[in-house]
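Enquirer: my_file.pdb is the file, holding PDB, C-alpha atoms and all ligand atoms:
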```
MODEL        1
ATOM      1  CA  MET N   1      12.579   6.460  -8.283
ATOM      2  CA  ILE N   2       9.709   4.341  -7.061
ATOM      3  CA  LEU N   3       7.983   7.364  -5.486
ATOM      4  CA  GLU N   4       8.155  11.081  -6.057
ATOM      5  CA  MET N   5       5.901  13.547  -4.289
ATOM      6  CA  LYS N   6       6.312  17.038  -5.635
ATOM      7  CA  ASN N   7       4.928  19.943  -3.681
ATOM      8  CA  VAL N   8       1.968  17.921  -2.470
ATOM      9  CA  TYR N   9      -0.851  19.486  -0.476
ATOM     10  CA  LYS N  10      -3.787  17.743   1.129
ATOM     11  CA  ASP N  11      -6.823  19.642   2.396
ATOM     12  CA  PHE N  12      -9.993  18.294   3.938
ATOM     13  CA  PRO N  13     -13.086  20.469   3.624
ATOM     14  CA  GLN N  14     -14.824  20.774   7.018
ATOM     15  CA  GLY N  15     -18.125  22.603   6.628
ATOM     16  CA  ASP N  16     -17.324  26.279   6.205
ATOM     17  CA  PHE N  17     -13.586  25.957   6.418
ATOM     18  CA  THR N  18     -10.787  23.732   5.186
ATOM     19  CA  VAL N  19      -8.212  21.814   7.178
ATOM     20  CA  ASN N  20      -4.821  22.067   5.496
ATOM     21  CA  VAL N  21      -3.288  18.809   6.641
ATOM     22  CA  LEU N  22      -0.265  18.385   4.374
ATOM     23  CA  LYS N  23       1.798  21.268   3.032
ATOM     24  CA  HIS N  24       4.384  21.200   0.264
ATOM     25  CA  ILE N  25       5.475  17.639   0.809
ATOM     26  CA  ASN N  26       8.521  16.787  -1.293
ATOM     27  CA  ILE N  27      10.016  13.344  -1.083
ATOM     28  CA  ARG N  28      11.795  11.000  -3.448
ATOM     29  CA  VAL N  29      12.151   7.349  -2.583
ATOM     30  CA  LYS N  30      14.469   5.061  -4.501
ATOM     31  CA  GLU N  31      13.527   1.503  -5.344
ATOM     32  CA  GLY N  32      14.675  -0.787  -2.520
ATOM     33  CA  ASP N  33      14.774   1.983   0.074
ATOM     34  CA  TYR N  34      13.510   1.432   3.624
ATOM     35  CA  VAL N  35      12.086   4.632   5.067
ATOM     36  CA  ALA N  36      10.659   5.318   8.521
ATOM     37  CA  ILE N  37       8.344   8.284   8.986
ATOM     38  CA  THR N  38       8.029   9.538  12.537
ATOM     39  CA  GLY N  39       6.366  12.582  14.059
ATOM     40  CA  PRO N  40       3.777  13.618  16.634
ATOM     41  CA  SER N  41       0.175  12.405  16.645
ATOM     42  CA  GLY N  42      -1.948  14.418  14.236
ATOM     43  CA  SER N  43       1.026  15.622  12.203
ATOM     44  CA  GLY N  44      -0.248  14.036   8.981
ATOM     45  CA  LYS N  45       1.660  10.739   8.717
ATOM     46  CA  THR N  46      -1.346   8.528   7.963
ATOM     47  CA  THR N  47      -2.728  11.144   5.571
ATOM     48  CA  MET N  48       0.564  11.023   3.661
ATOM     49  CA  MET N  49       0.565   7.223   3.710
ATOM     50  CA  ASN N  50      -2.980   7.166   2.323
ATOM     51  CA  LEU N  51      -1.810   9.309  -0.594
ATOM     52  CA  ILE N  52       1.196   7.072  -1.272
ATOM     53  CA  GLY N  53      -1.040   4.009  -1.073
ATOM     54  CA  CYS N  54      -3.508   5.558  -3.545
ATOM     55  CA  LEU N  55      -6.292   5.308  -0.978
ATOM     56  CA  ASP N  56      -6.785   9.045  -1.365
ATOM     57  CA  THR N  57      -5.786  11.701  -3.878
ATOM     58  CA  VAL N  58      -3.747  14.880  -3.547
ATOM     59  CA  THR N  59      -5.395  18.314  -3.383
ATOM     60  CA  LYS N  60      -2.477  19.892  -5.183
ATOM     61  CA  GLY N  61       0.933  18.818  -6.424
ATOM     62  CA  SER N  62       1.993  15.634  -8.114
ATOM     63  CA  MET N  63       2.513  12.062  -7.074
ATOM     64  CA  ILE N  64       4.536   9.788  -9.275
ATOM     65  CA  LEU N  65       4.456   6.134  -8.369
ATOM     66  CA  ASP N  66       6.770   3.802 -10.226
ATOM     67  CA  GLY N  67       6.929   6.245 -13.123
ATOM     68  CA  GLU N  68       3.174   6.794 -13.348
ATOM     69  CA  ASP N  69       1.672  10.174 -12.515
ATOM     70  CA  VAL N  70      -1.244   9.044 -10.370
ATOM     71  CA  SER N  71      -2.437  12.553  -9.444
ATOM     72  CA  THR N  72      -5.043  12.432 -12.188
ATOM     73  CA  TYR N  73      -6.014   8.742 -12.015
ATOM     74  CA  THR N  74      -9.631   7.634 -11.704
ATOM     75  CA  ASP N  75     -10.807   5.439  -8.818
ATOM     76  CA  ASN N  76     -10.626   2.348 -11.023
ATOM     77  CA  GLN N  77      -7.098   3.076 -12.139
ATOM     78  CA  LEU N  78      -6.089   3.668  -8.524
ATOM     79  CA  SER N  79      -7.569   0.396  -7.323
ATOM     80  CA  ASP N  80      -5.772  -1.528 -10.088
ATOM     81  CA  LEU N  81      -2.538   0.098  -9.067
ATOM     82  CA  ARG N  82      -3.113  -0.768  -5.406
ATOM     83  CA  LEU N  83      -3.783  -4.381  -6.267
ATOM     84  CA  ASN N  84      -0.655  -4.737  -8.375
ATOM     85  CA  LYS N  85       1.965  -2.585  -6.761
ATOM     86  CA  ILE N  86       1.218  -1.901  -3.119
ATOM     87  CA  GLY N  87       1.008  -4.018   0.000
ATOM     88  CA  PHE N  88      -0.516  -2.633   3.199
ATOM     89  CA  VAL N  89       0.093  -3.489   6.833
ATOM     90  CA  PHE N  90      -1.822  -1.715   9.607
ATOM     91  CA  GLN N  91      -1.465  -1.406  13.370
ATOM     92  CA  THR N  92      -4.735  -3.292  13.931
ATOM     93  CA  PHE N  93      -4.024  -6.001  11.325
ATOM     94  CA  GLU N  94      -7.389  -5.579   9.522
ATOM     95  CA  LEU N  95      -7.890  -9.295   8.966
ATOM     96  CA  LEU N  96     -11.301 -10.752   8.104
ATOM     97  CA  GLY N  97     -12.474 -12.203  11.431
ATOM     98  CA  GLN N  98     -14.638 -14.988   9.993
ATOM     99  CA  LYS N  99     -11.939 -16.328   7.702
ATOM    100  CA  SER N 100      -8.973 -18.573   8.432
ATOM    101  CA  ALA N 101      -5.377 -17.345   8.109
ATOM    102  CA  LEU N 102      -5.192 -19.193   4.783
ATOM    103  CA  LYS N 103      -8.400 -17.590   3.442
ATOM    104  CA  ASN N 104      -7.257 -14.129   4.544
ATOM    105  CA  VAL N 105      -4.048 -14.510   2.558
ATOM    106  CA  CYS N 106      -6.063 -15.757  -0.448
ATOM    107  CA  VAL N 107      -8.140 -12.542  -0.603
ATOM    108  CA  PRO N 108      -5.849 -10.552  -2.974
ATOM    109  CA  LEU N 109      -5.478 -13.636  -5.163
ATOM    110  CA  ALA N 110      -9.250 -14.061  -5.356
ATOM    111  CA  PHE N 111      -9.519 -10.406  -6.446
ATOM    112  CA  ALA N 112      -6.925 -11.101  -9.125
ATOM    113  CA  LYS N 113      -8.970 -14.144 -10.247
ATOM    114  CA  VAL N 114      -6.146 -16.594  -9.603
ATOM    115  CA  PRO N 115      -7.458 -20.200  -9.830
ATOM    116  CA  LYS N 116      -8.484 -21.699  -6.447
ATOM    117  CA  LYS N 117      -5.855 -24.433  -6.387
ATOM    118  CA  GLU N 118      -3.050 -21.977  -7.054
ATOM    119  CA  GLN N 119      -4.479 -19.626  -4.408
ATOM    120  CA  ILE N 120      -4.222 -22.349  -1.764
ATOM    121  CA  GLU N 121      -0.707 -23.345  -2.824
ATOM    122  CA  ARG N 122       0.621 -19.821  -2.847
ATOM    123  CA  ALA N 123      -1.092 -18.758   0.377
ATOM    124  CA  THR N 124       0.180 -21.884   2.141
ATOM    125  CA  GLU N 125       3.700 -21.142   1.018
ATOM    126  CA  ALA N 126       3.414 -17.481   2.097
ATOM    127  CA  LEU N 127       2.210 -18.499   5.562
ATOM    128  CA  GLN N 128       4.992 -21.068   5.890
ATOM    129  CA  ARG N 129       7.422 -18.300   5.079
ATOM    130  CA  VAL N 130       6.236 -16.162   7.963
ATOM    131  CA  GLY N 131       6.437 -19.145  10.306
ATOM    132  CA  LEU N 132       2.721 -19.966  10.387
ATOM    133  CA  GLY N 133       2.659 -23.218   8.428
ATOM    134  CA  ASP N 134       0.976 -24.838  11.449
ATOM    135  CA  ARG N 135      -1.726 -22.182  11.779
ATOM    136  CA  LEU N 136      -3.337 -22.245   8.314
ATOM    137  CA  ASP N 137      -6.860 -23.005   9.539
ATOM    138  CA  PHE N 138      -6.788 -20.759  12.596
ATOM    139  CA  LYS N 139      -9.101 -17.753  12.631
ATOM    140  CA  PRO N 140      -7.770 -14.354  13.763
ATOM    141  CA  ASN N 141      -9.261 -14.690  17.278
ATOM    142  CA  GLN N 142      -7.287 -17.938  17.686
ATOM    143  CA  LEU N 143      -3.983 -16.199  16.886
ATOM    144  CA  SER N 144      -1.720 -13.961  18.958
ATOM    145  CA  GLY N 145      -1.152 -10.334  17.953
ATOM    146  CA  GLY N 146       2.239 -11.119  16.454
ATOM    147  CA  GLN N 147       0.787 -14.052  14.519
ATOM    148  CA  LYS N 148      -2.055 -11.881  13.201
ATOM    149  CA  GLN N 149       0.454  -9.315  12.003
ATOM    150  CA  ARG N 150       2.442 -12.047  10.248
ATOM    151  CA  VAL N 151      -0.750 -13.202   8.489
ATOM    152  CA  ALA N 152      -1.300  -9.568   7.450
ATOM    153  CA  ILE N 153       2.265  -9.386   6.097
ATOM    154  CA  ALA N 154       1.821 -12.641   4.168
ATOM    155  CA  ARG N 155      -1.379 -11.170   2.689
ATOM    156  CA  ALA N 156       0.309  -7.853   1.867
ATOM    157  CA  MET N 157       3.167  -9.617   0.076
ATOM    158  CA  ILE N 158       1.258 -12.365  -1.736
ATOM    159  CA  GLN N 159       1.163 -10.487  -5.050
ATOM    160  CA  LYS N 160       4.803  -9.411  -4.728
ATOM    161  CA  PRO N 161       4.106  -5.671  -4.529
ATOM    162  CA  ARG N 162       6.891  -3.220  -5.278
ATOM    163  CA  ILE N 163       6.097  -1.171  -2.185
ATOM    164  CA  LEU N 164       5.119  -2.249   1.290
ATOM    165  CA  LEU N 165       3.377   0.470   3.316
ATOM    166  CA  ALA N 166       3.096  -0.044   7.048
ATOM    167  CA  ASP N 167       1.275   2.253   9.489
ATOM    168  CA  GLU N 168       2.492   1.504  13.042
ATOM    169  CA  PRO N 169       3.040  -2.204  12.247
ATOM    170  CA  THR N 170       4.380  -2.922  15.740
ATOM    171  CA  GLY N 171       2.097  -0.481  17.590
ATOM    172  CA  ALA N 172      -0.132  -3.197  19.037
ATOM    173  CA  LEU N 173       2.559  -5.804  19.647
ATOM    174  CA  ASP N 174       4.760  -6.801  22.555
ATOM    175  CA  SER N 175       8.455  -6.272  21.932
ATOM    176  CA  ALA N 176       9.290  -9.870  20.941
ATOM    177  CA  SER N 177       6.484  -9.988  18.349
ATOM    178  CA  GLY N 178       7.482  -6.530  17.171
ATOM    179  CA  GLN N 179      11.005  -7.771  16.699
ATOM    180  CA  SER N 180       9.870 -10.708  14.573
ATOM    181  CA  VAL N 181       7.846  -8.328  12.389
ATOM    182  CA  MET N 182      10.953  -6.147  12.003
ATOM    183  CA  GLU N 183      13.006  -9.201  10.992
ATOM    184  CA  LEU N 184      10.468 -10.028   8.299
ATOM    185  CA  PHE N 185      10.613  -6.452   7.021
ATOM    186  CA  GLU N 186      14.396  -6.636   6.872
ATOM    187  CA  GLN N 187      14.223  -9.835   4.807
ATOM    188  CA  LEU N 188      11.640  -8.382   2.436
ATOM    189  CA  ASN N 189      13.732  -5.250   2.011
ATOM    190  CA  ASN N 190      16.839  -7.363   1.348
ATOM    191  CA  GLU N 191      14.874  -9.042  -1.440
ATOM    192  CA  GLY N 192      14.231  -5.659  -3.016
ATOM    193  CA  THR N 193      10.853  -4.551  -1.622
ATOM    194  CA  THR N 194      10.694  -0.816  -0.966
ATOM    195  CA  ILE N 195       9.307  -0.224   2.527
ATOM    196  CA  ILE N 196       7.747   2.933   3.889
ATOM    197  CA  MET N 197       6.796   2.604   7.526
ATOM    198  CA  ILE N 198       5.218   4.946  10.049
ATOM    199  CA  THR N 199       6.247   4.441  13.647
ATOM    200  CA  HIS N 200       6.245   6.185  17.019
ATOM    201  CA  ASP N 201       8.952   3.850  18.282
ATOM    202  CA  SER N 202      12.498   5.115  17.863
ATOM    203  CA  ASP N 203      13.960   1.578  18.137
ATOM    204  CA  VAL N 204      11.706   0.504  15.271
ATOM    205  CA  ALA N 205      12.595   3.612  13.231
ATOM    206  CA  ALA N 206      16.279   2.820  13.800
ATOM    207  CA  LYS N 207      15.838  -0.408  11.808
ATOM    208  CA  ALA N 208      14.940   1.527   8.672
ATOM    209  CA  HIS N 209      17.707   2.813   6.435
ATOM    210  CA  ARG N 210      16.360   6.309   6.232
ATOM    211  CA  ARG N 211      14.241   8.436   8.540
ATOM    212  CA  ALA N 212      11.961  11.344   7.764
ATOM    213  CA  VAL N 213      10.122  13.459  10.323
ATOM    214  CA  MET N 214       6.656  14.951   9.878
ATOM    215  CA  LYS N 215       5.581  17.950  11.913
ATOM    216  CA  ASP N 216       2.359  19.940  11.432
ATOM    217  CA  GLY N 217       1.914  18.558   7.938
ATOM    218  CA  VAL N 218       5.430  19.374   6.794
ATOM    219  CA  LEU N 219       8.395  17.047   6.370
ATOM    220  CA  THR N 220      10.895  18.774   8.599
ATOM    221  CA  SER N 221      13.883  16.521   8.219
ATOM    222  CA  ASP N 222      15.053  13.599   6.215
ATOM    223  CA  ASP N 223      18.247  11.535   6.353
ATOM    224  CA  GLU N 224      18.582  11.888   2.614
ATOM    225  CA  ASP N 225      19.074  15.457   1.610
ATOM    226  CA  LEU N 226      16.741  14.893  -1.279
ATOM    227  CA  VAL N 227      14.040  16.790   0.493
ATOM    228  CA  PRO N 228      14.384  20.533   0.335
ATOM    229  CA  PRO N 229      13.895  22.190   3.710
ATOM    230  CA  TYR N 230      10.673  23.997   4.500
ATOM    231  CA  LYS N 231       9.889  26.601   1.882
ATOM    232  CA  PRO N 232       6.844  28.821   1.571
ATOM    233  CA  GLU N 233       4.844  28.055  -1.549
ATOM    234  CA  GLU N 234       5.633  31.391  -3.214
ATOM    235  CA  GLU N 235       9.345  30.686  -3.073
ATOM    236  CA  VAL N 236       8.890  27.203  -4.479
ATOM    237  CA  GLU N 237       6.898  28.657  -7.363
ATOM    238  CA  GLU N 238       9.564  31.260  -7.808
ATOM    239  CA  ASP N 239      12.183  28.505  -8.028
ATOM    240  CA  ALA N 240      10.204  26.658 -10.669
ATOM    241  CA  LYS N 241      10.369  29.653 -13.018
TER
HETATM  242  N1  LIG N 301     -10.905  12.887   6.552
HETATM  243  C1  LIG N 301     -10.456  13.905   7.297
HETATM  244  N2  LIG N 301     -11.181  15.029   7.432
HETATM  245  C2  LIG N 301     -10.737  16.071   8.192
HETATM  246  N3  LIG N 301      -9.566  16.076   8.842
HETATM  247  C3  LIG N 301      -8.800  14.987   8.741
HETATM  248  C4  LIG N 301      -9.189  13.844   7.970
HETATM  249  N4  LIG N 301      -8.211  12.913   8.053
HETATM  250  C5  LIG N 301      -7.260  13.441   8.852
HETATM  251  N5  LIG N 301      -7.606  14.693   9.256
HETATM  252  C6  LIG N 301      -6.814  15.577  10.129
HETATM  253  O1  LIG N 301      -5.481  15.569   9.651
HETATM  254  C7  LIG N 301      -4.578  15.634  10.737
HETATM  255  C8  LIG N 301      -3.535  14.542  10.547
HETATM  256  O2  LIG N 301      -4.121  13.275  10.714
HETATM  257  P1  LIG N 301      -3.298  11.936  10.504
HETATM  258  O3  LIG N 301      -4.225  10.801  10.744
HETATM  259  O4  LIG N 301      -2.616  11.985   9.196
HETATM  260  O5  LIG N 301      -2.206  12.053  11.679
HETATM  261  P2  LIG N 301      -1.073  11.045  12.129
HETATM  262  O6  LIG N 301       0.217  11.769  12.025
HETATM  263  O7  LIG N 301      -1.202   9.766  11.398
HETATM  264  O8  LIG N 301      -1.410  10.835  13.674
HETATM  265  P3  LIG N 301      -1.297   9.516  14.605
HETATM  266  O9  LIG N 301       0.144   9.393  14.956
HETATM  267  O10 LIG N 301      -2.149   9.870  15.789
HETATM  268  O11 LIG N 301      -1.825   8.349  13.838
HETATM  269  C9  LIG N 301      -5.396  15.533  11.993
HETATM  270  O12 LIG N 301      -5.472  16.782  12.577
HETATM  271  C10 LIG N 301      -6.748  15.066  11.529
HETATM  272  O13 LIG N 301      -7.796  15.618  12.296
HETATM  273 MG    MG N 302      -1.698   7.808  11.960
ENDMDL
END
```
Render the structure in this file as structure tokens.
Ligand SMILES: Nc1ncnc2c1ncn2[C@@H]1O[C@H](COP(=O)(O)OP(=O)(O)OP(=O)(O)O)[C@@H](O)[C@H]1O
Ligand SMILES: [Mg+2]

Expert:
Amino acid sequence: MILEMKNVYKDFPQGDFTVNVLKHINIRVKEGDYVAITGPSGSGKTTMMNLIGCLDTVTKGSMILDGEDVSTYTDNQLSDLRLNKIGFVFQTFELLGQKSALKNVCVPLAFAKVPKKEQIERATEALQRVGLGDRLDFKPNQLSGGQKQRVAIARAMIQKPRILLADEPTGALDSASGQSVMELFEQLNNEGTTIIMITHDSDVAAKAHRRAVMKDGVLTSDDEDLVPPYKPEEEVEEDAK
């Protein structure tokens, strides 16, 4: 298993009270899987993705990523893990506006202290792969939405992460650009990358190999019957005895 979330809860303190956003999330994702998470706005999809991506930590429960129990990791350990194992793609691309496509893709390599020459070679190759070999020196505002997302994918994949996390990757794209992003995902998944993607679009979700639905902070259904149906916490504790 590349990911196991066991009875995960996520609360956010809000002044005098607490918002219970995620409740007893149980999911197991096999290496090489391609999962789409759908569900209404505000149901907790991004919150769950932030936990999987080690951008945030669980309130309760355990999170095992590639065999490591990250529930108790420090911020430094989490950022190392993010750098080495996880690639992120967001709806709004999150590119650095002042930097060229090439420099944006170099960012993770610079963090990893890869020598400059190798950075340029690898980033060039990655951009060629996503069909942007002729756009290396273009800045984000000189690229179309679909091209920006392909730069973001090249950046996410440059360190060959085990997991690619995507939050509404086609949300800001026209359908043709969305399609080309989906084709790239399919290729990456065929090469063994595990993909977990959030989407509102049922056509996009249909491209994944497995679908899970989030509702009010609970995973209500999953193609794989690995996820136990909704269970109150007491019963789950009872089961563990
Ligand atoms: N830092 C926070 N503090 C307090 N509440 C939060 C925080 N982050 C998220 N929430 C709450 O958690 C709930 C779920 O938010 P989340 O962003 O995970 O939803 P989502 O399913 O991704 O929605 P969308 O489809 O609109 O992106 C929301 O009600 C939101 O207000
Ligand atoms: Mg969201």

Enquirer: Translate the PyMOL selection byres (((chain N and resi 57) around 9) and not hetatm), as applied to the file shown, into an explicit residue set as a PDB file with C-alpha atoms, in the frame of the given file.

Expert:
```pdb
ATOM      1  CA  LYS N  10      -3.787  17.743   1.129  1.00  0.00           C
ATOM      2  CA  ASN N  50      -2.980   7.166   2.323  1.00  0.00           C
ATOM      3  CA  LEU N  51      -1.810   9.309  -0.594  1.00  0.00           C
ATOM      4  CA  ILE N  52       1.196   7.072  -1.272  1.00  0.00           C
ATOM      5  CA  CYS N  54      -3.508   5.558  -3.545  1.00  0.00           C
ATOM      6  CA  LEU N  55      -6.292   5.308  -0.978  1.00  0.00           C
ATOM      7  CA  ASP N  56      -6.785   9.045  -1.365  1.00  0.00           C
ATOM      8  CA  VAL N  58      -3.747  14.880  -3.547  1.00  0.00           C
ATOM      9  CA  THR N  59      -5.395  18.314  -3.383  1.00  0.00           C
ATOM     10  CA  LYS N  60      -2.477  19.892  -5.183  1.00  0.00           C
ATOM     11  CA  MET N  63       2.513  12.062  -7.074  1.00  0.00           C
ATOM     12  CA  VAL N  70      -1.244   9.044 -10.370  1.00  0.00           C
ATOM     13  CA  SER N  71      -2.437  12.553  -9.444  1.00  0.00           C
ATOM     14  CA  THR N  72      -5.043  12.432 -12.188  1.00  0.00           C
ATOM     15  CA  TYR N  73      -6.014   8.742 -12.015  1.00  0.00           C
TER      16      TYR N  73
END
```

Enquirer: Extract, using all atoms listed in the file, all DNA, RNA and protein residues at most 12 Å from Glu118 (chain N), discarding same-chain residues fewer than 5 positions from it, and format them as a ChimeraX atom specification.

Expert: /N:106,109-110,112-113,123-125,158

Enquirer: Between N:Leu143, N:Ala36, N:Val218, N:Leu173, which has the minimum distance to Gly97 (chain N) (counting all atoms listed in the file)?

Expert: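 Once distances to Gly97 (chain N) are computed over all atoms listed in the file, the minimum belongs to N:Leu143.
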
Enquirer: How would you report the residues lying within 12 Å of ligand MG 302 (chain N), as an NGL selection string, if you count only C-alpha atoms and all ligand atoms?

Expert: :N and (37-50 or 90-92 or 166-169 or 171 or 197-200 or 214)

Enquirer: Mind giving me the axis-aligned box for ligand LIG 301 (chain N) with 8 Å on every side, centre plus edges in Å to one decimal, as JSON?

Expert:
```
{"center_x": -5.5, "center_y": 12.6, "center_z": 11.2, "size_x": 27.4, "size_y": 24.4, "size_z": 25.2}
```

Enquirer: Tell me which residues the PyMOL selection byres (((chain N and resi 146) around 10) and not hetatm) grabs here, as a PDB file with C-alpha atoms, keeping the file's coordinate frame.

Expert:
```pdb
ATOM      1  CA  PHE N  93      -4.024  -6.001  11.325  1.00  0.00           C
ATOM      2  CA  LEU N 143      -3.983 -16.199  16.886  1.00  0.00           C
ATOM      3  CA  SER N 144      -1.720 -13.961  18.958  1.00  0.00           C
ATOM      4  CA  GLY N 145      -1.152 -10.334  17.953  1.00  0.00           C
ATOM      5  CA  GLN N 147       0.787 -14.052  14.519  1.00  0.00           C
ATOM      6  CA  LYS N 148      -2.055 -11.881  13.201  1.00  0.00           C
ATOM      7  CA  GLN N 149       0.454  -9.315  12.003  1.00  0.00           C
ATOM      8  CA  ARG N 150       2.442 -12.047  10.248  1.00  0.00           C
ATOM      9  CA  VAL N 151      -0.750 -13.202   8.489  1.00  0.00           C
ATOM     10  CA  ALA N 152      -1.300  -9.568   7.450  1.00  0.00           C
ATOM     11  CA  PRO N 169       3.040  -2.204  12.247  1.00  0.00           C
ATOM     12  CA  THR N 170       4.380  -2.922  15.740  1.00  0.00           C
ATOM     13  CA  ALA N 172      -0.132  -3.197  19.037  1.00  0.00           C
ATOM     14  CA  LEU N 173       2.559  -5.804  19.647  1.00  0.00           C
ATOM     15  CA  ASP N 174       4.760  -6.801  22.555  1.00  0.00           C
ATOM     16  CA  SER N 175       8.455  -6.272  21.932  1.00  0.00           C
ATOM     17  CA  ALA N 176       9.290  -9.870  20.941  1.00  0.00           C
ATOM     18  CA  SER N 177       6.484  -9.988  18.349  1.00  0.00           C
ATOM     19  CA  GLY N 178       7.482  -6.530  17.171  1.00  0.00           C
ATOM     20  CA  GLN N 179      11.005  -7.771  16.699  1.00  0.00           C
ATOM     21  CA  SER N 180       9.870 -10.708  14.573  1.00  0.00           C
ATOM     22  CA  VAL N 181       7.846  -8.328  12.389  1.00  0.00           C
TER      23      VAL N 181
END
```

Enquirer: Please write the residues picked by the PyMOL selection byres (((chain N and resi 191) around 12) and not hetatm) on this file as a list in words.

Expert: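 Taken on the displayed file, the PyMOL selection byres (((chain N and resi 191) around 12) and not hetatm) yields the residues Glu31, Gly32, Asp33, Tyr34, Met157, Lys160, Pro161, Arg162, Ile163, Leu184, Phe185, Glu186, Gln187, Leu188, Asn189, Asn190, Gly192, Thr193, Thr194 and Ile195 of chain N.
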
Enquirer: I'd like the neighbourhood of Arg28 (chain N) as JSON, numbers by chain, where a residue qualifies if any of its atoms comes within 12 Å (using only C-alpha atoms), though same-chain residues fewer than 6 positions away should be ignored.

Expert: {"N": [1, 2, 3, 4, 5, 6, 7, 35, 52, 62, 63, 64, 65, 66, 67, 196, 210, 212, 222, 223, 224, 225, 226, 227, 228]}

Enquirer: If I take CA of Lys215 (chain N) and atom C2 of ligand LIG 301 (chain N), how far is one from the other in Å, to one decimal?

Expert: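 Value for the CA of Lys215 (chain N)-atom C2 of ligand LIG 301 (chain N) distance: 16.8 Å.
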
Enquirer: Got a sec: who's within 9 Å of region 126-128 of chain N, counting all atoms listed in the file, leaving out chain neighbours fewer than 3 positions off, as a ChimeraX atom specification?

Expert: /N:101-102,105,121-123,131-136,150-151,154-155,157-158

Enquirer: Would you export the selected residues with C-alpha atoms as a PDB file, keeping the file's coordinate frame, please?

Expert:
```pdb
ATOM      1  CA  ALA N 101      -5.377 -17.345   8.109  1.00  0.00           C
ATOM      2  CA  LEU N 102      -5.192 -19.193   4.783  1.00  0.00           C
ATOM      3  CA  VAL N 105      -4.048 -14.510   2.558  1.00  0.00           C
ATOM      4  CA  GLU N 121      -0.707 -23.345  -2.824  1.00  0.00           C
ATOM      5  CA  ARG N 122       0.621 -19.821  -2.847  1.00  0.00           C
ATOM      6  CA  ALA N 123      -1.092 -18.758   0.377  1.00  0.00           C
ATOM      7  CA  GLY N 131       6.437 -19.145  10.306  1.00  0.00           C
ATOM      8  CA  LEU N 132       2.721 -19.966  10.387  1.00  0.00           C
ATOM      9  CA  GLY N 133       2.659 -23.218   8.428  1.00  0.00           C
ATOM     10  CA  ASP N 134       0.976 -24.838  11.449  1.00  0.00           C
ATOM     11  CA  ARG N 135      -1.726 -22.182  11.779  1.00  0.00           C
ATOM     12  CA  LEU N 136      -3.337 -22.245   8.314  1.00  0.00           C
ATOM     13  CA  ARG N 150       2.442 -12.047  10.248  1.00  0.00           C
ATOM     14  CA  VAL N 151      -0.750 -13.202   8.489  1.00  0.00           C
ATOM     15  CA  ALA N 154       1.821 -12.641   4.168  1.00  0.00           C
ATOM     16  CA  ARG N 155      -1.379 -11.170   2.689  1.00  0.00           C
ATOM     17  CA  MET N 157       3.167  -9.617   0.076  1.00  0.00           C
ATOM     18  CA  ILE N 158       1.258 -12.365  -1.736  1.00  0.00           C
TER      19      ILE N 158
END
```

Enquirer: Ranking N:Val213, N:Ile120, N:Ile153, N:Val8 by minimum distance to Gly87 (chain N) and counting all atoms listed in the file, which one comes first?

Expert: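 Nearest candidate to Gly87 (chain N) out of N:Val213, N:Ile120, N:Ile153, N:Val8: N:Ile153.
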
Enquirer: Separation of CA of Gln14 (chain N) and atom C2 of ligand LIG 301 (chain N), in Å?

Expert: 6.3 Å

Enquirer: Could you check which of N:Ser79, N:Met182, N:Pro115, N:Gly217 is closest to ligand LIG 301 (chain N), using all atoms listed in the file?

Expert: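 When distances to ligand LIG 301 (chain N) are compared using all atoms listed in the file, the smallest one comes from N:Gly217.
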
Enquirer: Which residue, N:Asp201, N:Ala208, N:Leu83, N:Pro13, has the smallest gap to Glu183 (chain N) when you use all atoms listed in the file?

Expert: N:Ala208

Enquirer: Could you work out how far CA of Gln98 (chain N) lies from CA of Asp137 (chain N), giving the answer in Å with one decimal?

Expert: 11.2 Å

Enquirer: Taking only C-alpha atoms and all ligand atoms into account, which of N:Leu22, N:Val130, N:Ile27, N:Leu165 comes nearest ligand LIG 301 (chain N)?

Expert: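 The answer is N:Leu22, which sits nearest to ligand LIG 301 (chain N).
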
Enquirer: Which residue, N:Phe12, N:Phe111, N:Phe138, N:Phe88, has the smallest gap to ligand LIG 301 (chain N) when you use all atoms listed in the file?

Expert: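 That would be N:Phe12, the residue with the smallest distance to ligand LIG 301 (chain N).
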
Enquirer: Can I get N, CA and C atoms for region 43-49 of chain N, as a PDB file, in the first residue's frame?

Expert:
```pdb
ATOM      1  N   SER N  43     -17.176  19.593   1.291  1.00  0.00           N
ATOM      2  CA  SER N  43     -17.311  18.268   1.918  1.00  0.00           C
ATOM      3  C   SER N  43     -16.013  17.773   2.555  1.00  0.00           C
ATOM      4  N   GLY N  44     -14.889  18.428   2.253  1.00  0.00           N
ATOM      5  CA  GLY N  44     -13.639  18.042   2.908  1.00  0.00           C
ATOM      6  C   GLY N  44     -12.583  17.434   1.992  1.00  0.00           C
ATOM      7  N   LYS N  45     -12.788  17.532   0.674  1.00  0.00           N
ATOM      8  CA  LYS N  45     -11.858  16.907  -0.274  1.00  0.00           C
ATOM      9  C   LYS N  45     -10.454  17.511  -0.188  1.00  0.00           C
ATOM     10  N   THR N  46     -10.380  18.844  -0.230  1.00  0.00           N
ATOM     11  CA  THR N  46      -9.064  19.491  -0.183  1.00  0.00           C
ATOM     12  C   THR N  46      -8.402  19.248   1.169  1.00  0.00           C
ATOM     13  N   THR N  47      -9.199  19.263   2.231  1.00  0.00           N
ATOM     14  CA  THR N  47      -8.657  18.987   3.566  1.00  0.00           C
ATOM     15  C   THR N  47      -8.005  17.603   3.588  1.00  0.00           C
ATOM     16  N   MET N  48      -8.679  16.628   2.984  1.00  0.00           N
ATOM     17  CA  MET N  48      -8.129  15.271   2.929  1.00  0.00           C
ATOM     18  C   MET N  48      -6.852  15.238   2.083  1.00  0.00           C
ATOM     19  N   MET N  49      -6.893  15.950   0.958  1.00  0.00           N
ATOM     20  CA  MET N  49      -5.719  16.002   0.083  1.00  0.00           C
ATOM     21  C   MET N  49      -4.527  16.638   0.807  1.00  0.00           C
TER      22      MET N  49
END
```
